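Input: a single structure, listed below in structure tokens.
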Amino acid sequence: MPGNQEFPAPCVMGDESIMAPKKHGTSNVPVQANLRWECEGKTADKICNFNRHYAEHSGYFQTTSFVEDAKAAGGEIKFYDSNTGKLLYIAPRGRTLDEFLAESRAHGWPSFRDEEVVWDNVRCLPGGEAVSVDGTHLGHNLPDGKGNRYCINLVSVAGNPSNPEK
């Protein structure tokens with residue numbers, strides 16, 4: 001993917017300054033100690049904070065409790081930054097849970113669409129890297145015939161909310 005590619009709205013573009021070195025790699029803080037879905041903290045910290053290109057292995061999300069928990073929830077699932085706890089994605093939106101899970105299985109990673117992204121907290125860099133506004137590496141935008149498709153590491157979005165709902 002070219003390093004200067006722009007993606008159309010609603011995708012919100014960011015610049016490289018978001019991923020500049022901070023106190024803990026590209027973030028100010030390490031990943032939370034108690035990630036959801038049995039995600040492994042050491043792997044999450046490496047992918048979220050000390051990485052710009054690599055990912056958890058394809059299908060990793062299926063080795064966690066994520067699929068079972070998603071089916072049990074029966075509705076929209078909120079995905080939070082594993083470092084900061086900020087809300088990043090809400091899925092499924094504009095499709096069923098079965099469709100969301102099928103697309104994620106087909107590509108190997110949770111795959112989000114534009115309407116599922118919380119653009120206040122997510123940016124896409126010119127090369128396609130998806131990041132949080134706080135410097136967490138999330139994954140990549142890999143557009144297909146349906147539009148933007150954000151292939152996101154589950155370990156990057158397995159955080160607990162920073163402001164739990166009452």
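By order of appearance in the structure tokens: chains A, B, ..., then residues from 1 within every chain, and ligands from 1 in the order shown.
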Practice task
List the neighbours of A:Glu115 out to 9 Å using only C-alpha atoms; skip same-chain residues closer than 3 positions along the sequence, and give me the result as a ChimeraX atom specification.
Solution key: /A:10,89-91,93-94,112,118
Exercise for the section: Would you list the contacts of stretch 48-57 of chain A as a PyMOL selection string, taking every protein, DNA or RNA residue within 9 Å and counting only C-alpha atoms, but skipping same-chain residues closer than 4 positions in sequence? Expected result: chain A and resi 19+24-27+29-31+43-44+61+82-83+108-109+129+135-140+152-156
Problem - Nearest to A:Asn34, chosen from A:Asp15, A:Gly85, A:Ala70, A:Glu103, with only C-alpha atoms counted in the distances - result: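 Nearest candidate to A:Asn34 out of A:Asp15, A:Gly85, A:Ala70, A:Glu103: A:Gly85.
Running DSSP on the backbone gives strand (DSSP E) for these residues within chain A: Ile77, Lys78, Phe79, Tyr80, Leu87, Leu88, Tyr89, Ile90, Ala91, Ser111, Phe112, Val122, Arg123, Cys124, Glu129, Ala130, Val131, Ser132, His137, Leu138, Gly139, His140, Asn141, Tyr150, Cys151 and Ile152 of chain A.
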Problem - Members of stretch 2-128 of chain A assigned alpha helix (DSSP H) by DSSP, as a list in words - result: Gly41, Lys42, Thr43, Ala44, Asp45, Lys46, Ile47, Cys48, Asn49, Phe66, Val67, Glu68, Asp69, Ala70, Lys71, Ala72, Ala73, Leu97, Asp98, Glu99, Phe100, Leu101, Ala102, Glu103, Ser104, Arg105, Ala106 and His107 of chain A
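Distance-wise, atom CA of A:Pro143 and atom CA of A:Arg105 end up 16.5 Å apart.
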Give me, as a PDB file with all heavy atoms, in the first residue's frame, all polymer residues having an atom no more than 12 Å from A:Asp114, counting only C-alpha atoms and skipping those fewer than 2 positions away in the same chain.
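To be explicit, this is the file written out as around24.pdb:
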ATOM      1  N   PHE A   7      -7.677   8.101   2.447  1.00  0.00           N
ATOM      2  CA  PHE A   7      -8.909   7.321   2.418  1.00  0.00           C
ATOM      3  C   PHE A   7     -10.082   8.277   2.557  1.00  0.00           C
ATOM      4  O   PHE A   7     -10.017   9.237   3.326  1.00  0.00           O
ATOM      5  CB  PHE A   7      -8.907   6.282   3.530  1.00  0.00           C
ATOM      6  CG  PHE A   7      -7.754   5.317   3.411  1.00  0.00           C
ATOM      7  CD1 PHE A   7      -6.592   5.507   4.135  1.00  0.00           C
ATOM      8  CD2 PHE A   7      -7.826   4.242   2.538  1.00  0.00           C
ATOM      9  CE1 PHE A   7      -5.520   4.634   4.018  1.00  0.00           C
ATOM     10  CE2 PHE A   7      -6.768   3.352   2.410  1.00  0.00           C
ATOM     11  CZ  PHE A   7      -5.607   3.550   3.153  1.00  0.00           C
ATOM     12  N   PRO A   8     -11.165   8.025   1.834  1.00  0.00           N
ATOM     13  CA  PRO A   8     -12.296   8.961   1.843  1.00  0.00           C
ATOM     14  C   PRO A   8     -13.051   8.968   3.175  1.00  0.00           C
ATOM     15  O   PRO A   8     -13.003   8.000   3.934  1.00  0.00           O
ATOM     16  CB  PRO A   8     -13.186   8.431   0.711  1.00  0.00           C
ATOM     17  CG  PRO A   8     -12.866   6.978   0.607  1.00  0.00           C
ATOM     18  CD  PRO A   8     -11.409   6.862   0.976  1.00  0.00           C
ATOM     19  N   ALA A   9     -13.753  10.066   3.408  1.00  0.00           N
ATOM     20  CA  ALA A   9     -14.624  10.190   4.569  1.00  0.00           C
ATOM     21  C   ALA A   9     -15.652   9.057   4.506  1.00  0.00           C
ATOM     22  O   ALA A   9     -16.016   8.626   3.413  1.00  0.00           O
ATOM     23  CB  ALA A   9     -15.305  11.551   4.565  1.00  0.00           C
ATOM     24  N   PRO A  10     -16.030   8.560   5.654  1.00  0.00           N
ATOM     25  CA  PRO A  10     -15.866   9.141   6.990  1.00  0.00           C
ATOM     26  C   PRO A  10     -14.531   8.855   7.655  1.00  0.00           C
ATOM     27  O   PRO A  10     -14.303   9.286   8.775  1.00  0.00           O
ATOM     28  CB  PRO A  10     -16.996   8.500   7.784  1.00  0.00           C
ATOM     29  CG  PRO A  10     -17.145   7.152   7.189  1.00  0.00           C
ATOM     30  CD  PRO A  10     -16.889   7.352   5.713  1.00  0.00           C
ATOM     31  N   CYS A  11     -13.651   8.121   6.997  1.00  0.00           N
ATOM     32  CA  CYS A  11     -12.324   7.843   7.564  1.00  0.00           C
ATOM     33  C   CYS A  11     -11.646   9.165   7.919  1.00  0.00           C
ATOM     34  O   CYS A  11     -11.626  10.093   7.115  1.00  0.00           O
ATOM     35  CB  CYS A  11     -11.474   7.062   6.558  1.00  0.00           C
ATOM     36  SG  CYS A  11      -9.839   6.631   7.174  1.00  0.00           S
ATOM     37  N   VAL A  12     -11.120   9.249   9.141  1.00  0.00           N
ATOM     38  CA  VAL A  12     -10.420  10.450   9.591  1.00  0.00           C
ATOM     39  C   VAL A  12      -8.926  10.162   9.529  1.00  0.00           C
ATOM     40  O   VAL A  12      -8.430   9.250  10.193  1.00  0.00           O
ATOM     41  CB  VAL A  12     -10.843  10.855  11.019  1.00  0.00           C
ATOM     42  CG1 VAL A  12     -10.059  12.086  11.475  1.00  0.00           C
ATOM     43  CG2 VAL A  12     -12.343  11.112  11.081  1.00  0.00           C
ATOM     44  N   LEU A  88     -13.252   2.626  20.932  1.00  0.00           N
ATOM     45  CA  LEU A  88     -12.712   2.706  19.579  1.00  0.00           C
ATOM     46  C   LEU A  88     -13.670   2.188  18.511  1.00  0.00           C
ATOM     47  O   LEU A  88     -13.726   2.738  17.410  1.00  0.00           O
ATOM     48  CB  LEU A  88     -11.405   1.914  19.491  1.00  0.00           C
ATOM     49  CG  LEU A  88     -10.283   2.330  20.445  1.00  0.00           C
ATOM     50  CD1 LEU A  88      -9.095   1.387  20.321  1.00  0.00           C
ATOM     51  CD2 LEU A  88      -9.869   3.770  20.188  1.00  0.00           C
ATOM     52  N   TYR A  89     -14.381   1.119  18.808  1.00  0.00           N
ATOM     53  CA  TYR A  89     -15.276   0.490  17.828  1.00  0.00           C
ATOM     54  C   TYR A  89     -16.521  -0.005  18.542  1.00  0.00           C
ATOM     55  O   TYR A  89     -16.460  -0.400  19.712  1.00  0.00           O
ATOM     56  CB  TYR A  89     -14.610  -0.722  17.145  1.00  0.00           C
ATOM     57  CG  TYR A  89     -13.345  -0.381  16.400  1.00  0.00           C
ATOM     58  CD1 TYR A  89     -12.106  -0.483  17.002  1.00  0.00           C
ATOM     59  CD2 TYR A  89     -13.397   0.056  15.076  1.00  0.00           C
ATOM     60  CE1 TYR A  89     -10.942  -0.153  16.331  1.00  0.00           C
ATOM     61  CE2 TYR A  89     -12.232   0.385  14.388  1.00  0.00           C
ATOM     62  CZ  TYR A  89     -11.011   0.278  15.026  1.00  0.00           C
ATOM     63  OH  TYR A  89      -9.867   0.607  14.352  1.00  0.00           O
ATOM     64  N   ILE A  90     -17.646  -0.007  17.815  1.00  0.00           N
ATOM     65  CA  ILE A  90     -18.890  -0.614  18.277  1.00  0.00           C
ATOM     66  C   ILE A  90     -19.413  -1.452  17.124  1.00  0.00           C
ATOM     67  O   ILE A  90     -19.664  -0.929  16.031  1.00  0.00           O
ATOM     68  CB  ILE A  90     -19.941   0.449  18.679  1.00  0.00           C
ATOM     69  CG1 ILE A  90     -19.381   1.388  19.751  1.00  0.00           C
ATOM     70  CG2 ILE A  90     -21.212  -0.243  19.166  1.00  0.00           C
ATOM     71  CD1 ILE A  90     -20.266   2.592  20.053  1.00  0.00           C
ATOM     72  N   ALA A  91     -19.528  -2.748  17.366  1.00  0.00           N
ATOM     73  CA  ALA A  91     -19.951  -3.649  16.281  1.00  0.00           C
ATOM     74  C   ALA A  91     -20.840  -4.757  16.856  1.00  0.00           C
ATOM     75  O   ALA A  91     -20.723  -5.090  18.031  1.00  0.00           O
ATOM     76  CB  ALA A  91     -18.719  -4.257  15.606  1.00  0.00           C
ATOM     77  N   PRO A  92     -21.686  -5.294  16.048  1.00  0.00           N
ATOM     78  CA  PRO A  92     -21.919  -4.932  14.645  1.00  0.00           C
ATOM     79  C   PRO A  92     -22.869  -3.741  14.513  1.00  0.00           C
ATOM     80  O   PRO A  92     -23.765  -3.551  15.327  1.00  0.00           O
ATOM     81  CB  PRO A  92     -22.561  -6.193  14.068  1.00  0.00           C
ATOM     82  CG  PRO A  92     -23.289  -6.794  15.238  1.00  0.00           C
ATOM     83  CD  PRO A  92     -22.454  -6.476  16.452  1.00  0.00           C
ATOM     84  N   ARG A  93     -22.659  -2.978  13.479  1.00  0.00           N
ATOM     85  CA  ARG A  93     -23.549  -1.884  13.090  1.00  0.00           C
ATOM     86  C   ARG A  93     -23.746  -1.978  11.581  1.00  0.00           C
ATOM     87  O   ARG A  93     -22.767  -2.066  10.844  1.00  0.00           O
ATOM     88  CB  ARG A  93     -22.975  -0.524  13.461  1.00  0.00           C
ATOM     89  CG  ARG A  93     -23.051  -0.262  14.948  1.00  0.00           C
ATOM     90  CD  ARG A  93     -22.823   1.179  15.269  1.00  0.00           C
ATOM     91  NE  ARG A  93     -23.261   1.437  16.636  1.00  0.00           N
ATOM     92  CZ  ARG A  93     -22.974   2.524  17.296  1.00  0.00           C
ATOM     93  NH1 ARG A  93     -22.253   3.467  16.744  1.00  0.00           N
ATOM     94  NH2 ARG A  93     -23.413   2.687  18.522  1.00  0.00           N
ATOM     95  N   GLY A  94     -24.986  -1.974  11.140  1.00  0.00           N
ATOM     96  CA  GLY A  94     -25.277  -2.070   9.715  1.00  0.00           C
ATOM     97  C   GLY A  94     -25.168  -3.494   9.187  1.00  0.00           C
ATOM     98  O   GLY A  94     -25.192  -3.715   7.977  1.00  0.00           O
ATOM     99  N   SER A 111     -12.856  -7.536  11.797  1.00  0.00           N
ATOM    100  CA  SER A 111     -12.898  -6.631  10.640  1.00  0.00           C
ATOM    101  C   SER A 111     -14.064  -5.670  10.795  1.00  0.00           C
ATOM    102  O   SER A 111     -15.221  -6.078  10.788  1.00  0.00           O
ATOM    103  CB  SER A 111     -13.033  -7.444   9.350  1.00  0.00           C
ATOM    104  OG  SER A 111     -11.883  -8.222   9.145  1.00  0.00           O
ATOM    105  N   PHE A 112     -13.724  -4.397  10.927  1.00  0.00           N
ATOM    106  CA  PHE A 112     -14.710  -3.352  11.163  1.00  0.00           C
ATOM    107  C   PHE A 112     -14.929  -2.529   9.903  1.00  0.00           C
ATOM    108  O   PHE A 112     -14.037  -2.389   9.073  1.00  0.00           O
ATOM    109  CB  PHE A 112     -14.243  -2.438  12.300  1.00  0.00           C
ATOM    110  CG  PHE A 112     -14.046  -3.152  13.599  1.00  0.00           C
ATOM    111  CD1 PHE A 112     -12.806  -3.672  13.942  1.00  0.00           C
ATOM    112  CD2 PHE A 112     -15.098  -3.328  14.479  1.00  0.00           C
ATOM    113  CE1 PHE A 112     -12.615  -4.344  15.142  1.00  0.00           C
ATOM    114  CE2 PHE A 112     -14.925  -3.999  15.681  1.00  0.00           C
ATOM    115  CZ  PHE A 112     -13.676  -4.507  16.010  1.00  0.00           C
ATOM    116  N   GLU A 116     -18.745   1.450  12.160  1.00  0.00           N
ATOM    117  CA  GLU A 116     -18.442   0.828  13.448  1.00  0.00           C
ATOM    118  C   GLU A 116     -17.263   1.498  14.162  1.00  0.00           C
ATOM    119  O   GLU A 116     -16.925   1.132  15.278  1.00  0.00           O
ATOM    120  CB  GLU A 116     -18.144  -0.663  13.232  1.00  0.00           C
ATOM    121  CG  GLU A 116     -19.361  -1.401  12.687  1.00  0.00           C
ATOM    122  CD  GLU A 116     -19.080  -2.798  12.176  1.00  0.00           C
ATOM    123  OE1 GLU A 116     -17.985  -3.042  11.628  1.00  0.00           O
ATOM    124  OE2 GLU A 116     -19.978  -3.657  12.310  1.00  0.00           O
ATOM    125  N   VAL A 117     -16.651   2.486  13.511  1.00  0.00           N
ATOM    126  CA  VAL A 117     -15.480   3.176  14.065  1.00  0.00           C
ATOM    127  C   VAL A 117     -15.910   4.408  14.857  1.00  0.00           C
ATOM    128  O   VAL A 117     -16.759   5.180  14.415  1.00  0.00           O
ATOM    129  CB  VAL A 117     -14.518   3.613  12.931  1.00  0.00           C
ATOM    130  CG1 VAL A 117     -13.272   4.280  13.509  1.00  0.00           C
ATOM    131  CG2 VAL A 117     -14.140   2.430  12.045  1.00  0.00           C
ATOM    132  N   VAL A 118     -15.325   4.595  16.032  1.00  0.00           N
ATOM    133  CA  VAL A 118     -15.546   5.801  16.836  1.00  0.00           C
ATOM    134  C   VAL A 118     -14.445   6.790  16.430  1.00  0.00           C
ATOM    135  O   VAL A 118     -13.329   6.761  16.949  1.00  0.00           O
ATOM    136  CB  VAL A 118     -15.499   5.485  18.348  1.00  0.00           C
ATOM    137  CG1 VAL A 118     -15.679   6.763  19.172  1.00  0.00           C
ATOM    138  CG2 VAL A 118     -16.563   4.450  18.698  1.00  0.00           C
ATOM    139  N   TRP A 119     -14.774   7.650  15.470  1.00  0.00           N
ATOM    140  CA  TRP A 119     -13.763   8.509  14.837  1.00  0.00           C
ATOM    141  C   TRP A 119     -13.180   9.563  15.770  1.00  0.00           C
ATOM    142  O   TRP A 119     -12.132  10.133  15.479  1.00  0.00           O
ATOM    143  CB  TRP A 119     -14.322   9.138  13.562  1.00  0.00           C
ATOM    144  CG  TRP A 119     -14.503   8.103  12.496  1.00  0.00           C
ATOM    145  CD1 TRP A 119     -15.672   7.621  11.980  1.00  0.00           C
ATOM    146  CD2 TRP A 119     -13.458   7.373  11.836  1.00  0.00           C
ATOM    147  NE1 TRP A 119     -15.420   6.650  11.043  1.00  0.00           N
ATOM    148  CE2 TRP A 119     -14.066   6.471  10.931  1.00  0.00           C
ATOM    149  CE3 TRP A 119     -12.073   7.383  11.922  1.00  0.00           C
ATOM    150  CZ2 TRP A 119     -13.342   5.609  10.130  1.00  0.00           C
ATOM    151  CZ3 TRP A 119     -11.343   6.519  11.120  1.00  0.00           C
ATOM    152  CH2 TRP A 119     -11.972   5.649  10.233  1.00  0.00           C
ATOM    153  N   VAL A 122     -10.060   7.302  16.787  1.00  0.00           N
ATOM    154  CA  VAL A 122      -9.329   6.471  15.829  1.00  0.00           C
ATOM    155  C   VAL A 122      -8.891   7.319  14.638  1.00  0.00           C
ATOM    156  O   VAL A 122      -9.638   8.178  14.171  1.00  0.00           O
ATOM    157  CB  VAL A 122     -10.204   5.291  15.337  1.00  0.00           C
ATOM    158  CG1 VAL A 122      -9.487   4.480  14.265  1.00  0.00           C
ATOM    159  CG2 VAL A 122     -10.610   4.394  16.499  1.00  0.00           C
ATOM    160  N   ARG A 123      -7.686   7.037  14.129  1.00  0.00           N
ATOM    161  CA  ARG A 123      -7.182   7.687  12.930  1.00  0.00           C
ATOM    162  C   ARG A 123      -6.592   6.638  11.998  1.00  0.00           C
ATOM    163  O   ARG A 123      -6.164   5.564  12.433  1.00  0.00           O
ATOM    164  CB  ARG A 123      -6.079   8.716  13.268  1.00  0.00           C
ATOM    165  CG  ARG A 123      -6.550   9.878  14.127  1.00  0.00           C
ATOM    166  CD  ARG A 123      -7.513  10.793  13.375  1.00  0.00           C
ATOM    167  NE  ARG A 123      -7.953  11.913  14.176  1.00  0.00           N
ATOM    168  CZ  ARG A 123      -9.049  11.925  14.933  1.00  0.00           C
ATOM    169  NH1 ARG A 123      -9.828  10.860  14.984  1.00  0.00           N
ATOM    170  NH2 ARG A 123      -9.381  12.991  15.616  1.00  0.00           N
ATOM    171  N   CYS A 124      -6.563   6.986  10.733  1.00  0.00           N
ATOM    172  CA  CYS A 124      -5.922   6.152   9.728  1.00  0.00           C
ATOM    173  C   CYS A 124      -4.747   6.955   9.177  1.00  0.00           C
ATOM    174  O   CYS A 124      -4.916   8.119   8.792  1.00  0.00           O
ATOM    175  CB  CYS A 124      -6.921   5.812   8.626  1.00  0.00           C
ATOM    176  SG  CYS A 124      -6.406   4.440   7.602  1.00  0.00           S
ATOM    177  N   ASN A 141      -6.121  -0.549   7.561  1.00  0.00           N
ATOM    178  CA  ASN A 141      -7.270  -0.408   6.677  1.00  0.00           C
ATOM    179  C   ASN A 141      -6.924  -1.112   5.370  1.00  0.00           C
ATOM    180  O   ASN A 141      -5.967  -0.727   4.689  1.00  0.00           O
ATOM    181  CB  ASN A 141      -7.576   1.074   6.431  1.00  0.00           C
ATOM    182  CG  ASN A 141      -8.786   1.272   5.530  1.00  0.00           C
ATOM    183  OD1 ASN A 141      -9.543   0.356   5.268  1.00  0.00           O
ATOM    184  ND2 ASN A 141      -8.964   2.491   5.068  1.00  0.00           N
ATOM    185  N   LEU A 142      -7.693  -2.130   5.042  1.00  0.00           N
ATOM    186  CA  LEU A 142      -7.494  -2.907   3.817  1.00  0.00           C
ATOM    187  C   LEU A 142      -8.795  -2.873   3.022  1.00  0.00           C
ATOM    188  O   LEU A 142      -9.612  -3.794   3.100  1.00  0.00           O
ATOM    189  CB  LEU A 142      -7.093  -4.349   4.164  1.00  0.00           C
ATOM    190  CG  LEU A 142      -5.839  -4.470   5.037  1.00  0.00           C
ATOM    191  CD1 LEU A 142      -5.671  -5.895   5.536  1.00  0.00           C
ATOM    192  CD2 LEU A 142      -4.612  -3.999   4.285  1.00  0.00           C
ATOM    193  N   PRO A 143      -9.036  -1.780   2.272  1.00  0.00           N
ATOM    194  CA  PRO A 143     -10.307  -1.627   1.558  1.00  0.00           C
ATOM    195  C   PRO A 143     -10.572  -2.798   0.612  1.00  0.00           C
ATOM    196  O   PRO A 143      -9.652  -3.398   0.055  1.00  0.00           O
ATOM    197  CB  PRO A 143     -10.112  -0.326   0.779  1.00  0.00           C
ATOM    198  CG  PRO A 143      -9.058   0.418   1.517  1.00  0.00           C
ATOM    199  CD  PRO A 143      -8.141  -0.639   2.049  1.00  0.00           C
ATOM    200  N   LYS A 146     -16.502  -3.536  -0.773  1.00  0.00           N
ATOM    201  CA  LYS A 146     -17.559  -2.939   0.046  1.00  0.00           C
ATOM    202  C   LYS A 146     -17.138  -1.618   0.680  1.00  0.00           C
ATOM    203  O   LYS A 146     -17.929  -0.960   1.332  1.00  0.00           O
ATOM    204  CB  LYS A 146     -17.969  -3.910   1.158  1.00  0.00           C
ATOM    205  CG  LYS A 146     -18.572  -5.204   0.662  1.00  0.00           C
ATOM    206  CD  LYS A 146     -18.887  -6.114   1.839  1.00  0.00           C
ATOM    207  CE  LYS A 146     -19.391  -7.458   1.392  1.00  0.00           C
ATOM    208  NZ  LYS A 146     -19.585  -8.371   2.523  1.00  0.00           N
ATOM    209  N   GLY A 147     -15.858  -1.259   0.547  1.00  0.00           N
ATOM    210  CA  GLY A 147     -15.364  -0.016   1.143  1.00  0.00           C
ATOM    211  C   GLY A 147     -14.215  -0.274   2.093  1.00  0.00           C
ATOM    212  O   GLY A 147     -13.528  -1.293   2.010  1.00  0.00           O
ATOM    213  N   ASN A 148     -14.006   0.661   3.014  1.00  0.00           N
ATOM    214  CA  ASN A 148     -12.931   0.517   3.994  1.00  0.00           C
ATOM    215  C   ASN A 148     -13.209  -0.669   4.899  1.00  0.00           C
ATOM    216  O   ASN A 148     -14.334  -0.872   5.359  1.00  0.00           O
ATOM    217  CB  ASN A 148     -12.805   1.789   4.838  1.00  0.00           C
ATOM    218  CG  ASN A 148     -12.248   2.943   4.051  1.00  0.00           C
ATOM    219  OD1 ASN A 148     -11.355   2.777   3.233  1.00  0.00           O
ATOM    220  ND2 ASN A 148     -12.783   4.142   4.285  1.00  0.00           N
ATOM    221  N   ARG A 149     -12.168  -1.468   5.140  1.00  0.00           N
ATOM    222  CA  ARG A 149     -12.266  -2.616   6.059  1.00  0.00           C
ATOM    223  C   ARG A 149     -11.050  -2.538   6.971  1.00  0.00           C
ATOM    224  O   ARG A 149      -9.921  -2.624   6.531  1.00  0.00           O
ATOM    225  CB  ARG A 149     -12.273  -3.944   5.312  1.00  0.00           C
ATOM    226  CG  ARG A 149     -12.362  -5.151   6.237  1.00  0.00           C
ATOM    227  CD  ARG A 149     -12.487  -6.457   5.451  1.00  0.00           C
ATOM    228  NE  ARG A 149     -11.475  -6.626   4.437  1.00  0.00           N
ATOM    229  CZ  ARG A 149     -10.241  -7.088   4.661  1.00  0.00           C
ATOM    230  NH1 ARG A 149      -9.859  -7.411   5.869  1.00  0.00           N
ATOM    231  NH2 ARG A 149      -9.382  -7.214   3.660  1.00  0.00           N
ATOM    232  N   TYR A 150     -11.312  -2.346   8.260  1.00  0.00           N
ATOM    233  CA  TYR A 150     -10.256  -2.190   9.243  1.00  0.00           C
ATOM    234  C   TYR A 150     -10.001  -3.538   9.914  1.00  0.00           C
ATOM    235  O   TYR A 150     -10.826  -4.016  10.687  1.00  0.00           O
ATOM    236  CB  TYR A 150     -10.652  -1.111  10.274  1.00  0.00           C
ATOM    237  CG  TYR A 150     -11.019   0.177   9.581  1.00  0.00           C
ATOM    238  CD1 TYR A 150     -12.340   0.449   9.232  1.00  0.00           C
ATOM    239  CD2 TYR A 150     -10.043   1.090   9.216  1.00  0.00           C
ATOM    240  CE1 TYR A 150     -12.678   1.608   8.543  1.00  0.00           C
ATOM    241  CE2 TYR A 150     -10.373   2.262   8.532  1.00  0.00           C
ATOM    242  CZ  TYR A 150     -11.688   2.507   8.202  1.00  0.00           C
ATOM    243  OH  TYR A 150     -12.032   3.661   7.516  1.00  0.00           O
ATOM    244  N   CYS A 151      -8.889  -4.178   9.554  1.00  0.00           N
ATOM    245  CA  CYS A 151      -8.467  -5.442  10.154  1.00  0.00           C
ATOM    246  C   CYS A 151      -7.709  -5.084  11.425  1.00  0.00           C
ATOM    247  O   CYS A 151      -6.608  -4.525  11.366  1.00  0.00           O
ATOM    248  CB  CYS A 151      -7.565  -6.217   9.207  1.00  0.00           C
ATOM    249  SG  CYS A 151      -8.450  -7.316   8.127  1.00  0.00           S
TER     250      CYS A 151
END
Completion exercise
Restricting to only C-alpha atoms, whichever of A:Ala20, A:Leu35, A:Leu97, A:Ala102 is closest to A:Asn160 is A:Leu35
Handout entry: Straight-line distance linking atom CA of A:Asn4 with atom CA of A:Ala130, stated in Å to one decimal
Key =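 Answer for the atom CA of A:Asn4 to atom CA of A:Ala130 separation: 14.0 Å.
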Practice task
For atom CA of A:Phe66 and atom CA of A:Trp37, quote the distance in Å rounded to one decimal.
Solution key: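 Separation of atom CA of A:Phe66 and atom CA of A:Trp37: 5.1 Å.
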